[in-house]
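For reference, the structure is listed below as structure tokens.
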Amino acid sequence: MEGTPKGRRVEKDARVHDARHTAATLLLEQGVDISVVQEILGHSQLTTTKRYTHVTSKLASDAAARMGRALWDD
């Protein structure tokens, strides 16, 4: 394939659309508020942004840890 580093072939098709989903999820994992992600992606509806993001085990784990701290830490 032309344009790949050192002529390497890309085995899996990558789409810009997939990159948007990945970027949205990574932004959430970094603690960026979903309304900011919505603005970055250019969505007028928050429901559209929610479809782009994916709950990862890291997000779920972080949420559980925050809840635990809120409930049990002094």
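Here, A, B, ... name the chains of the structure tokens in the order displayed, residue numbers run from 1 inside each chain, and ligands are numbered from 1 in the same displayed order.
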Using only C-alpha atoms, determine which residues lie at most 12 Å from Val36 (chain A), disregarding the query and same-chain residues fewer than 5 positions distant; provide the list as a list in words.
-> Ala24, Leu27, Leu28, Gln30, Gly31, Leu41, Gly42, His43, Ser44, Leu46 and Thr49 of chain A
Shell around region 51-64 of chain A at 8 Å using only C-alpha atoms, local window under 2 positions removed, as a PyMOL selection string = chain A and resi 20-22+24-25+28-29+47-49+66-68
Would you return as a VMD selection string the members of chain A that DSSP assigns to helix (DSSP H, G or I) on this structure's backbone?
-> chain A and resid 5 to 7 16 to 29 34 to 41 46 to 52 57 to 72
Just C-alpha atoms for this one: save the residues we selected as a compact mmCIF listing (two decimals), in the first residue's frame.
```
# COMPACT_ATOMS: atom_id res chain seq x y z
CA PRO A 5 5.33 3.35 6.73
CA LYS A 6 8.07 1.38 4.96
CA GLY A 7 5.50 -0.08 2.56
CA VAL A 16 -12.56 7.88 10.28
CA HIS A 17 -15.92 7.01 11.82
CA ASP A 18 -14.25 4.36 14.02
CA ALA A 19 -11.63 6.89 15.08
CA ARG A 20 -14.38 9.27 16.24
CA HIS A 21 -15.82 6.54 18.48
CA THR A 22 -12.37 5.80 19.88
CA ALA A 23 -11.60 9.48 20.45
CA ALA A 24 -14.91 10.04 22.25
CA THR A 25 -14.29 7.10 24.58
CA LEU A 26 -10.68 8.11 25.27
CA LEU A 27 -11.77 11.66 26.10
CA LEU A 28 -14.26 10.31 28.65
CA GLU A 29 -11.57 8.07 30.13
CA ILE A 34 -19.47 14.52 27.99
CA SER A 35 -20.82 17.95 27.03
CA VAL A 36 -17.28 18.93 25.99
CA VAL A 37 -16.98 15.71 23.97
CA GLN A 38 -20.32 16.61 22.36
CA GLU A 39 -18.93 20.01 21.35
CA ILE A 40 -15.68 18.51 19.99
CA LEU A 41 -17.59 15.99 17.88
CA LEU A 46 -26.26 14.64 23.62
CA THR A 47 -27.97 11.36 22.70
CA THR A 48 -25.83 11.21 19.55
CA THR A 49 -22.66 11.66 21.59
CA LYS A 50 -23.75 8.92 23.99
CA ARG A 51 -24.01 6.52 21.04
CA TYR A 52 -20.42 7.37 20.10
CA SER A 57 -13.95 -1.40 32.25
CA LYS A 58 -11.70 1.54 33.20
CA LEU A 59 -14.65 3.94 33.22
CA ALA A 60 -16.78 1.53 35.24
CA SER A 61 -13.95 0.86 37.69
CA ASP A 62 -13.22 4.56 38.14
CA ALA A 63 -16.92 5.31 38.72
CA ALA A 64 -17.17 2.56 41.34
CA ALA A 65 -14.04 3.83 43.10
CA ARG A 66 -15.38 7.40 43.16
CA MET A 67 -18.67 6.18 44.61
CA GLY A 68 -16.83 4.18 47.26
CA ARG A 69 -14.78 7.22 48.25
CA ALA A 70 -17.91 9.39 48.39
CA LEU A 71 -19.69 6.90 50.62
CA TRP A 72 -16.92 5.67 52.90
```
